[in-house]
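K.L.:
So that you have it, the file is query.cif, and it contains mmCIF, C-alpha atoms and all ligand atoms:
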```cif
data_structure
#
loop_
_atom_site.label_atom_id
_atom_site.label_comp_id
_atom_site.auth_asym_id
_atom_site.auth_seq_id
_atom_site.Cartn_x
_atom_site.Cartn_y
_atom_site.Cartn_z
CA MET A 273 0.00 0.00 0.00
CA ARG A 274 1.04 3.58 -0.52
CA LEU A 275 1.37 5.90 2.48
CA THR A 276 2.27 9.57 2.62
CA VAL A 277 4.33 10.29 5.71
CA ASP A 278 5.85 13.68 6.49
CA GLY A 279 5.35 14.70 2.89
CA THR A 280 7.07 11.65 1.36
CA THR A 281 5.27 8.79 -0.33
CA HIS A 282 6.27 5.27 0.73
CA GLU A 283 5.27 1.97 -0.86
CA VAL A 284 5.04 -0.60 1.94
CA ASP A 285 4.21 -4.29 1.74
CA VAL A 286 2.23 -4.83 4.94
CA GLU A 287 -1.06 -6.34 6.06
CA ASP A 288 -4.04 -3.95 6.16
CA ASP A 289 -4.37 -4.43 9.91
CA MET A 290 -0.76 -3.86 10.87
CA PRO A 291 -0.70 -1.05 13.43
CA LEU A 292 0.40 2.20 11.81
CA LEU A 293 2.95 2.53 14.64
CA TRP A 294 4.77 -0.59 13.42
CA VAL A 295 4.70 0.61 9.83
CA LEU A 296 6.19 3.95 10.84
CA ARG A 297 8.90 2.54 13.10
CA ASP A 298 9.78 -0.82 11.56
CA GLU A 299 9.01 -0.40 7.86
CA ILE A 300 9.77 3.30 7.32
CA GLY A 301 12.25 3.75 10.17
CA ILE A 302 10.78 6.77 11.96
CA LYS A 303 11.99 6.20 15.50
CA GLY A 304 10.64 9.53 16.80
CA VAL A 305 7.26 7.80 17.10
CA LYS A 306 7.35 5.85 20.37
CA TYR A 307 5.86 2.56 21.47
CA GLY A 308 4.55 2.81 25.01
CA CYS A 309 1.53 0.69 25.88
CA GLY A 310 0.25 -0.49 22.51
CA ILE A 311 -3.36 -0.17 23.69
CA ALA A 312 -4.18 3.55 23.31
CA GLN A 313 -3.61 4.27 26.99
CA CYS A 314 -0.42 6.37 27.06
CA GLY A 315 -0.24 8.62 23.98
CA ALA A 316 3.45 7.98 23.27
CA CYS A 317 2.65 6.87 19.71
CA THR A 318 0.57 9.92 18.76
CA VAL A 319 0.81 11.14 15.15
CA HIS A 320 -1.50 13.21 12.95
CA LEU A 321 -3.80 11.85 10.29
CA ASP A 322 -4.80 14.85 8.18
CA GLY A 323 -3.81 17.10 11.08
CA VAL A 324 -5.80 15.29 13.75
CA ALA A 325 -4.05 13.44 16.58
CA VAL A 326 -4.49 9.66 16.55
CA ARG A 327 -2.90 6.83 18.48
CA SER A 328 -0.85 5.05 15.86
CA CYS A 329 -0.75 1.84 17.92
CA GLN A 330 -4.51 1.50 17.43
CA THR A 331 -4.76 2.87 13.89
CA TRP A 332 -4.49 0.28 11.13
CA ALA A 333 -2.14 0.80 8.22
CA VAL A 334 -5.00 0.71 5.74
CA ASP A 335 -6.72 3.60 7.55
CA ALA A 336 -3.79 5.85 6.66
CA VAL A 337 -4.04 5.22 2.91
CA GLY A 338 -5.04 8.46 1.20
CA ALA A 339 -4.33 10.55 4.30
CA GLU A 340 -1.43 12.79 5.22
CA VAL A 341 0.43 11.17 8.10
CA THR A 342 2.56 13.60 10.09
CA THR A 343 5.03 12.52 12.74
CA ILE A 344 7.24 14.58 15.00
CA ASN A 345 9.83 14.42 12.20
CA GLY A 346 7.50 16.27 9.85
CA LEU A 347 5.91 18.76 12.25
CA GLY A 348 8.89 21.08 12.02
CA THR A 349 12.64 21.00 11.47
CA PRO A 350 15.44 22.21 13.75
CA ALA A 351 15.76 25.24 11.45
CA ALA A 352 12.01 25.88 11.20
CA MET A 353 10.33 24.52 14.28
CA HIS A 354 6.58 24.39 14.79
CA ALA A 355 5.44 26.87 17.47
CA VAL A 356 4.78 23.98 19.84
CA GLN A 357 8.31 22.68 19.40
CA GLU A 358 9.70 26.18 19.97
CA ALA A 359 7.67 26.55 23.15
CA TRP A 360 8.80 23.11 24.33
CA THR A 361 12.40 24.21 23.92
CA GLU A 362 11.80 27.54 25.67
CA HIS A 363 10.20 25.84 28.66
CA GLN A 364 12.70 22.94 28.65
CA VAL A 365 9.80 20.53 29.00
CA ALA A 366 11.50 17.23 28.29
CA GLN A 367 13.07 15.09 30.97
CA CYS A 368 13.72 11.53 29.75
CA GLY A 369 11.92 12.53 26.55
CA TYR A 370 10.12 9.26 25.92
CA CYS A 371 6.58 10.65 25.98
CA GLN A 372 7.43 13.98 24.42
CA SER A 373 6.88 13.43 20.72
CA GLY A 374 3.38 12.20 21.51
CA GLN A 375 2.77 15.13 23.83
CA ILE A 376 3.88 17.62 21.16
CA MET A 377 1.74 16.02 18.45
CA GLN A 378 -1.29 16.01 20.75
CA ALA A 379 -0.71 19.66 21.69
CA ALA A 380 -0.28 20.75 18.06
CA SER A 381 -3.49 19.02 17.07
CA MET A 382 -5.37 20.58 19.99
CA LEU A 383 -4.16 24.08 19.16
CA ALA A 384 -5.24 23.70 15.54
CA ALA A 385 -8.75 23.01 16.82
CA ILE A 386 -8.76 25.22 19.94
CA PRO A 387 -6.55 28.29 19.38
CA ASP A 388 -7.15 29.82 22.82
CA PRO A 389 -7.55 26.89 25.21
CA THR A 390 -8.56 27.27 28.83
CA ASP A 391 -6.75 25.32 31.55
CA GLU A 392 -9.69 22.91 31.49
CA ASP A 393 -9.37 22.46 27.72
CA ILE A 394 -5.67 21.70 28.10
CA ASP A 395 -6.25 19.20 30.88
CA ALA A 396 -9.04 17.49 28.93
CA GLU A 397 -7.18 17.36 25.61
CA MET A 398 -3.88 16.24 27.11
CA SER A 399 -5.26 13.77 29.66
CA GLY A 400 -4.58 10.75 27.42
CA ASN A 401 -0.85 11.53 27.19
CA LEU A 402 1.01 10.17 30.18
CA CYS A 403 4.43 11.29 31.40
CA ARG A 404 6.24 9.11 33.90
CA CYS A 405 8.66 11.95 34.61
CA GLY A 406 5.83 14.28 35.64
CA THR A 407 6.47 17.13 33.22
CA TYR A 408 2.81 18.16 33.25
CA PRO A 409 3.33 21.70 34.64
CA GLN A 410 5.95 22.46 31.95
CA ILE A 411 3.71 20.97 29.27
CA ARG A 412 0.83 23.24 30.29
CA ALA A 413 3.08 26.31 30.36
CA ALA A 414 4.52 25.48 26.94
CA ILE A 415 1.05 25.02 25.46
CA VAL A 416 0.01 28.47 26.71
CA THR A 417 3.14 29.97 25.12
CA ALA A 418 2.61 28.07 21.86
CA ALA A 419 -1.04 29.13 21.69
CA ALA A 420 -0.04 32.79 22.01
CA LYS A 421 2.65 32.40 19.33
CA LEU A 422 0.21 30.77 16.93
CA ARG A 423 -2.46 33.44 17.48
CA GLU A 424 0.11 36.16 16.70
CA ALA A 425 1.36 34.36 13.58
S1 LIG B 1 1.64 3.20 22.51
FE1 LIG B 1 -0.13 4.00 21.59
S2 LIG B 1 -1.20 4.96 23.20
FE2 LIG B 1 0.46 3.92 24.18
S1 LIG B 2 9.60 13.11 29.88
FE1 LIG B 2 9.95 11.09 30.64
S2 LIG B 2 8.04 10.08 30.34
FE2 LIG B 2 7.61 12.15 29.88
#
```
In C-alpha cells, write the structure found in this file.
P.N.:
Amino acid sequence: MRLTVDGTTHEVDVEDDMPLLWVLRDEIGIKGVKYGCGIAQCGACTVHLDGVAVRSCQTWAVDAVGAEVTTINGLGTPAAMHAVQEAWTEHQVAQCGYCQSGQIMQAASMLAAIPDPTDEDIDAEMSGNLCRCGTYPQIRAAIVTAAAKLREA
C-alpha cells in the first residue's frame, strides 16, 4: 500500500491491519514515534492523520491510505520549528523525553482546533498523554506559550 508520511510517499508491503505505529517505526524507520503501551492508553505513539491526533498503535495501516500522516519528524525541522516545538524548547519541558513526541503532536493538534484553550481544555485534551517523569506543569506552560505564538502568527 502507498502511504504519505511527512510529505514523502512510501510503498510498503504490509497487512491492512498492521498497526500504523509498526509501519512507521519498523518499515519506514521513523523512531521519533514511540511505542509505550500499545493499547491507546499512554499517547506515546501519537501522530497526525490529516492534522488530527491519533494513536498510531490503534490505527491500522489501511486507515492511513489516502491521508497525510505527520510525525514529529515532519511537524517542524530544527531550522524551522513548529510553534509547539519552539515553546517546548523555551520551557525545557523534556526530561527523559520518551513521551514527548506524543505530547507535542497532541498539543499541536489541539491548538489547531482550539486556538485559545482554557486550563480545562488543556487538561481534557492532554489527559490521554502520560508522562512518567511528571512534566505536566511544563507541558501546560509550553502550550500556553505556543497558543499565544500561533495566534500572533
Ligand atoms: S503506545 Fe499508543 S497509546 Fe500507548
Ligand atoms: S519526559 Fe519522561 S516520560 Fe515524559
K.L.:
Give the answer as one residue: which of A:Ala384, A:Ala396, A:Cys317, A:Val326 has the shortest atom-to-atom distance to A:Tyr370, using all atoms listed in the file?
P.N.:
A:Cys317
K.L.:
Show me which residues sit within 8 Å of ligand LIG 2 (chain B) when counting all atoms listed in the file, and put them as a list in words.
P.N.:
Val365, Ala366, Gln367, Cys368, Gly369, Tyr370, Cys371, Gln372, Leu402, Cys403, Arg404, Cys405, Gly406 and Thr407 of chain A
K.L.:
Given all atoms listed in the file, how would the per-residue table for chain A near ligand LIG 1 (chain B) read, listing every residue at most 12 Å away with its closest atom pair and distance in Å to one decimal, sorted by chain and number, as a tab-separated table?
P.N.:
```
residue	atom	partner	partner_atom	distance
A:Pro291	CA	B:LIG1	FE1	9.6
A:Leu292	CA	B:LIG1	FE1	10.0
A:Leu293	CA	B:LIG1	FE1	7.7
A:Trp294	CA	B:LIG1	S1	10.3
A:Arg297	CA	B:LIG1	S1	11.9
A:Val305	CA	B:LIG1	S1	9.1
A:Lys306	CA	B:LIG1	S1	6.6
A:Tyr307	CA	B:LIG1	S1	4.4
A:Gly308	CA	B:LIG1	S1	3.9
A:Cys309	CA	B:LIG1	FE2	3.8
A:Gly310	CA	B:LIG1	S1	3.9
A:Ile311	CA	B:LIG1	S2	5.6
A:Ala312	CA	B:LIG1	S2	3.3
A:Gln313	CA	B:LIG1	S2	4.5
A:Cys314	CA	B:LIG1	FE2	3.9
A:Gly315	CA	B:LIG1	S2	3.9
A:Ala316	CA	B:LIG1	FE2	5.1
A:Cys317	CA	B:LIG1	FE1	4.4
A:Thr318	CA	B:LIG1	FE1	6.6
A:Val319	CA	B:LIG1	FE1	9.7
A:Ala325	CA	B:LIG1	S2	11.1
A:Val326	CA	B:LIG1	FE1	8.7
A:Arg327	CA	B:LIG1	FE1	5.0
A:Ser328	CA	B:LIG1	FE1	5.9
A:Cys329	CA	B:LIG1	FE1	4.3
A:Gln330	CA	B:LIG1	FE1	6.5
A:Thr331	CA	B:LIG1	FE1	9.1
A:Trp332	CA	B:LIG1	FE1	11.9
A:Tyr370	CA	B:LIG1	S1	11.0
A:Cys371	CA	B:LIG1	FE2	9.3
A:Ser373	CA	B:LIG1	S1	11.6
A:Gly374	CA	B:LIG1	S2	8.7
A:Gln375	CA	B:LIG1	S2	10.9
A:Gln378	CA	B:LIG1	S2	11.3
A:Ser399	CA	B:LIG1	S2	11.7
A:Gly400	CA	B:LIG1	S2	7.9
A:Asn401	CA	B:LIG1	S2	7.7
A:Leu402	CA	B:LIG1	FE2	8.7
A:Cys403	CA	B:LIG1	FE2	11.1
```
K.L.:
Atom CA of A:Val341 and atom CA of A:Glu283, how far apart in Å?
P.N.:
13.7 Å
K.L.:
Could you list, as a list in words, every residue within 12 Å of A:Asp322, counting all atoms listed in the file and ignoring same-chain residues fewer than 6 positions away?
P.N.:
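Selected residues are Thr276, Val277, Asp278, Gly279, Asp335, Ala336, Val337, Gly338, Ala339, Glu340, Val341, Thr342, Thr343, Ser381 and Ala384 of chain A.
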K.L.:
Filtering to C-alpha atoms, could you give me those residues as an mmCIF file, in the coordinates of the input?
P.N.:
```
data_model
loop_
_atom_site.group_PDB
_atom_site.id
_atom_site.type_symbol
_atom_site.label_atom_id
_atom_site.label_comp_id
_atom_site.auth_asym_id
_atom_site.auth_seq_id
_atom_site.Cartn_x
_atom_site.Cartn_y
_atom_site.Cartn_z
ATOM 1 C CA THR A 276 2.270 9.570 2.620
ATOM 2 C CA VAL A 277 4.330 10.290 5.710
ATOM 3 C CA ASP A 278 5.850 13.680 6.490
ATOM 4 C CA GLY A 279 5.350 14.700 2.890
ATOM 5 C CA ASP A 335 -6.720 3.600 7.550
ATOM 6 C CA ALA A 336 -3.790 5.850 6.660
ATOM 7 C CA VAL A 337 -4.040 5.220 2.910
ATOM 8 C CA GLY A 338 -5.040 8.460 1.200
ATOM 9 C CA ALA A 339 -4.330 10.550 4.300
ATOM 10 C CA GLU A 340 -1.430 12.790 5.220
ATOM 11 C CA VAL A 341 0.430 11.170 8.100
ATOM 12 C CA THR A 342 2.560 13.600 10.090
ATOM 13 C CA THR A 343 5.030 12.520 12.740
ATOM 14 C CA SER A 381 -3.490 19.020 17.070
ATOM 15 C CA ALA A 384 -5.240 23.700 15.540
#
```
K.L.:
When you draw a straight line from atom CA of A:Thr417 to atom CA of A:Asp388, how long is it in Å?
P.N.:
10.5 Å
K.L.:
In Å, with one decimal, what is the gap from atom CA of A:Ile344 to atom CA of A:Asp393?
P.N.:
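Going from atom CA of A:Ile344 over to atom CA of A:Asp393, I get 22.4 Å.
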K.L.:
Which residue out of A:Val295, A:Ala413, A:His282, A:Gly304 has the minimum interatomic distance to A:Glu362 when all atoms listed in the file are used?
P.N.:
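Result for the nearest residue to A:Glu362: A:Ala413.
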K.L.:
Show me, as an MDAnalysis selection string, the residues that have an atom within 12 Å of A:Ala420 when counting all atoms listed in the file, minus same-chain residues fewer than 2 positions from it.
P.N.:
chainID A and resid 355:356 358:359 383 386:389 413:418 422:425
K.L.:
For those residues, write C-alpha atoms to a file as a compact mmCIF listing (two decimals), in the coordinates of the input.
P.N.:
```txt
# COMPACT_ATOMS: atom_id res chain seq x y z
CA ALA A 355 5.44 26.87 17.47
CA VAL A 356 4.78 23.98 19.84
CA GLU A 358 9.70 26.18 19.97
CA ALA A 359 7.67 26.55 23.15
CA LEU A 383 -4.16 24.08 19.16
CA ILE A 386 -8.76 25.22 19.94
CA PRO A 387 -6.55 28.29 19.38
CA ASP A 388 -7.15 29.82 22.82
CA PRO A 389 -7.55 26.89 25.21
CA ALA A 413 3.08 26.31 30.36
CA ALA A 414 4.52 25.48 26.94
CA ILE A 415 1.05 25.02 25.46
CA VAL A 416 0.01 28.47 26.71
CA THR A 417 3.14 29.97 25.12
CA ALA A 418 2.61 28.07 21.86
CA LEU A 422 0.21 30.77 16.93
CA ARG A 423 -2.46 33.44 17.48
CA GLU A 424 0.11 36.16 16.70
CA ALA A 425 1.36 34.36 13.58
```
K.L.:
Nearest to A:Gln410 among A:Gln364, A:Glu299, A:Met290, A:Asp395, with distances taken over only C-alpha atoms: which residue is it?
P.N.:
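Of the candidates, the smallest distance to A:Gln410 is held by A:Gln364.
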K.L.:
Specify the axis-aligned box that encloses all atoms of stretch 395-408 of chain A listed in the file after padding of 8 Å on each side, stating its centre and edge lengths in Å to one decimal as AutoDock Vina command-line options.
P.N.:
```
--center_x -0.2 --center_y 14.2 --center_z 30.6 --size_x 33.7 --size_y 26.1 --size_z 26.0
```
K.L.:
Complete stretch 361-372 of chain A with all heavy atoms (output as a CSV table (one decimal), in the frame of the given file).
P.N.:
```
chain,number,residue,atom,x,y,z
A,361,THR,N,11.0,23.9,23.7
A,361,THR,CA,12.4,24.2,23.9
A,361,THR,C,12.5,25.3,24.9
A,361,THR,O,13.4,25.3,25.9
A,361,THR,CB,13.0,24.6,22.6
A,361,THR,OG1,12.8,23.6,21.7
A,361,THR,CG2,14.5,24.8,22.7
A,362,GLU,N,11.7,26.4,24.7
A,362,GLU,CA,11.8,27.5,25.7
A,362,GLU,C,11.6,27.1,27.1
A,362,GLU,O,12.2,27.6,28.0
A,362,GLU,CB,10.7,28.5,25.3
A,362,GLU,CG,11.2,29.7,24.4
A,362,GLU,CD,10.0,30.5,24.0
A,362,GLU,OE1,9.3,31.1,24.9
A,362,GLU,OE2,9.8,30.6,22.8
A,363,HIS,N,10.6,26.3,27.3
A,363,HIS,CA,10.2,25.8,28.7
A,363,HIS,C,11.0,24.6,29.1
A,363,HIS,O,10.8,24.2,30.3
A,363,HIS,CB,8.7,25.5,28.7
A,363,HIS,CG,7.8,26.8,28.7
A,363,HIS,ND1,7.5,27.5,29.8
A,363,HIS,CD2,7.3,27.5,27.6
A,363,HIS,CE1,6.7,28.5,29.4
A,363,HIS,NE2,6.6,28.6,28.1
A,364,GLN,N,11.9,24.1,28.3
A,364,GLN,CA,12.7,22.9,28.6
A,364,GLN,C,11.8,21.8,29.3
A,364,GLN,O,12.1,21.4,30.4
A,364,GLN,CB,13.8,23.3,29.6
A,364,GLN,CG,14.7,24.4,29.0
A,364,GLN,CD,16.0,24.6,29.8
A,364,GLN,OE1,16.3,24.0,30.8
A,364,GLN,NE2,16.8,25.6,29.4
A,365,VAL,N,10.8,21.5,28.5
A,365,VAL,CA,9.8,20.5,29.0
A,365,VAL,C,10.4,19.1,29.2
A,365,VAL,O,10.1,18.5,30.3
A,365,VAL,CB,8.6,20.5,28.0
A,365,VAL,CG1,7.6,19.4,28.5
A,365,VAL,CG2,7.9,21.8,27.9
A,366,ALA,N,11.2,18.7,28.3
A,366,ALA,CA,11.5,17.2,28.3
A,366,ALA,C,12.4,16.9,29.5
A,366,ALA,O,13.3,17.6,29.8
A,366,ALA,CB,12.2,16.9,27.0
A,367,GLN,N,12.1,15.7,30.0
A,367,GLN,CA,13.1,15.1,31.0
A,367,GLN,C,13.7,13.9,30.3
A,367,GLN,O,14.6,14.0,29.5
A,367,GLN,CB,12.4,14.8,32.3
A,367,GLN,CG,12.1,16.1,33.0
A,367,GLN,CD,11.7,15.9,34.5
A,367,GLN,OE1,12.1,15.0,35.1
A,367,GLN,NE2,10.9,16.8,35.0
A,368,CYS,N,13.1,12.7,30.5
A,368,CYS,CA,13.7,11.5,29.8
A,368,CYS,C,13.4,11.6,28.3
A,368,CYS,O,14.1,11.1,27.4
A,368,CYS,CB,13.2,10.2,30.3
A,368,CYS,SG,11.6,9.7,29.7
A,369,GLY,N,12.3,12.3,27.9
A,369,GLY,CA,11.9,12.5,26.6
A,369,GLY,C,11.0,11.5,25.9
A,369,GLY,O,10.5,11.7,24.8
A,370,TYR,N,10.8,10.4,26.6
A,370,TYR,CA,10.1,9.3,25.9
A,370,TYR,C,8.7,9.6,25.5
A,370,TYR,O,8.3,9.3,24.4
A,370,TYR,CB,10.1,8.0,26.8
A,370,TYR,CG,9.8,6.8,26.0
A,370,TYR,CD1,10.9,6.1,25.4
A,370,TYR,CD2,8.5,6.3,25.8
A,370,TYR,CE1,10.7,5.0,24.6
A,370,TYR,CE2,8.3,5.2,25.0
A,370,TYR,CZ,9.4,4.6,24.4
A,370,TYR,OH,9.2,3.5,23.6
A,371,CYS,N,8.0,10.3,26.3
A,371,CYS,CA,6.6,10.6,26.0
A,371,CYS,C,6.5,11.9,25.1
A,371,CYS,O,5.3,12.2,24.6
A,371,CYS,CB,5.8,10.9,27.3
A,371,CYS,SG,6.3,12.5,28.0
A,372,GLN,N,7.6,12.6,24.9
A,372,GLN,CA,7.4,14.0,24.4
A,372,GLN,C,7.0,14.1,23.0
A,372,GLN,O,6.3,15.1,22.7
A,372,GLN,CB,8.7,14.7,24.7
A,372,GLN,CG,9.1,14.8,26.1
A,372,GLN,CD,8.2,15.8,26.9
A,372,GLN,OE1,7.8,16.8,26.4
A,372,GLN,NE2,8.0,15.4,28.2
```
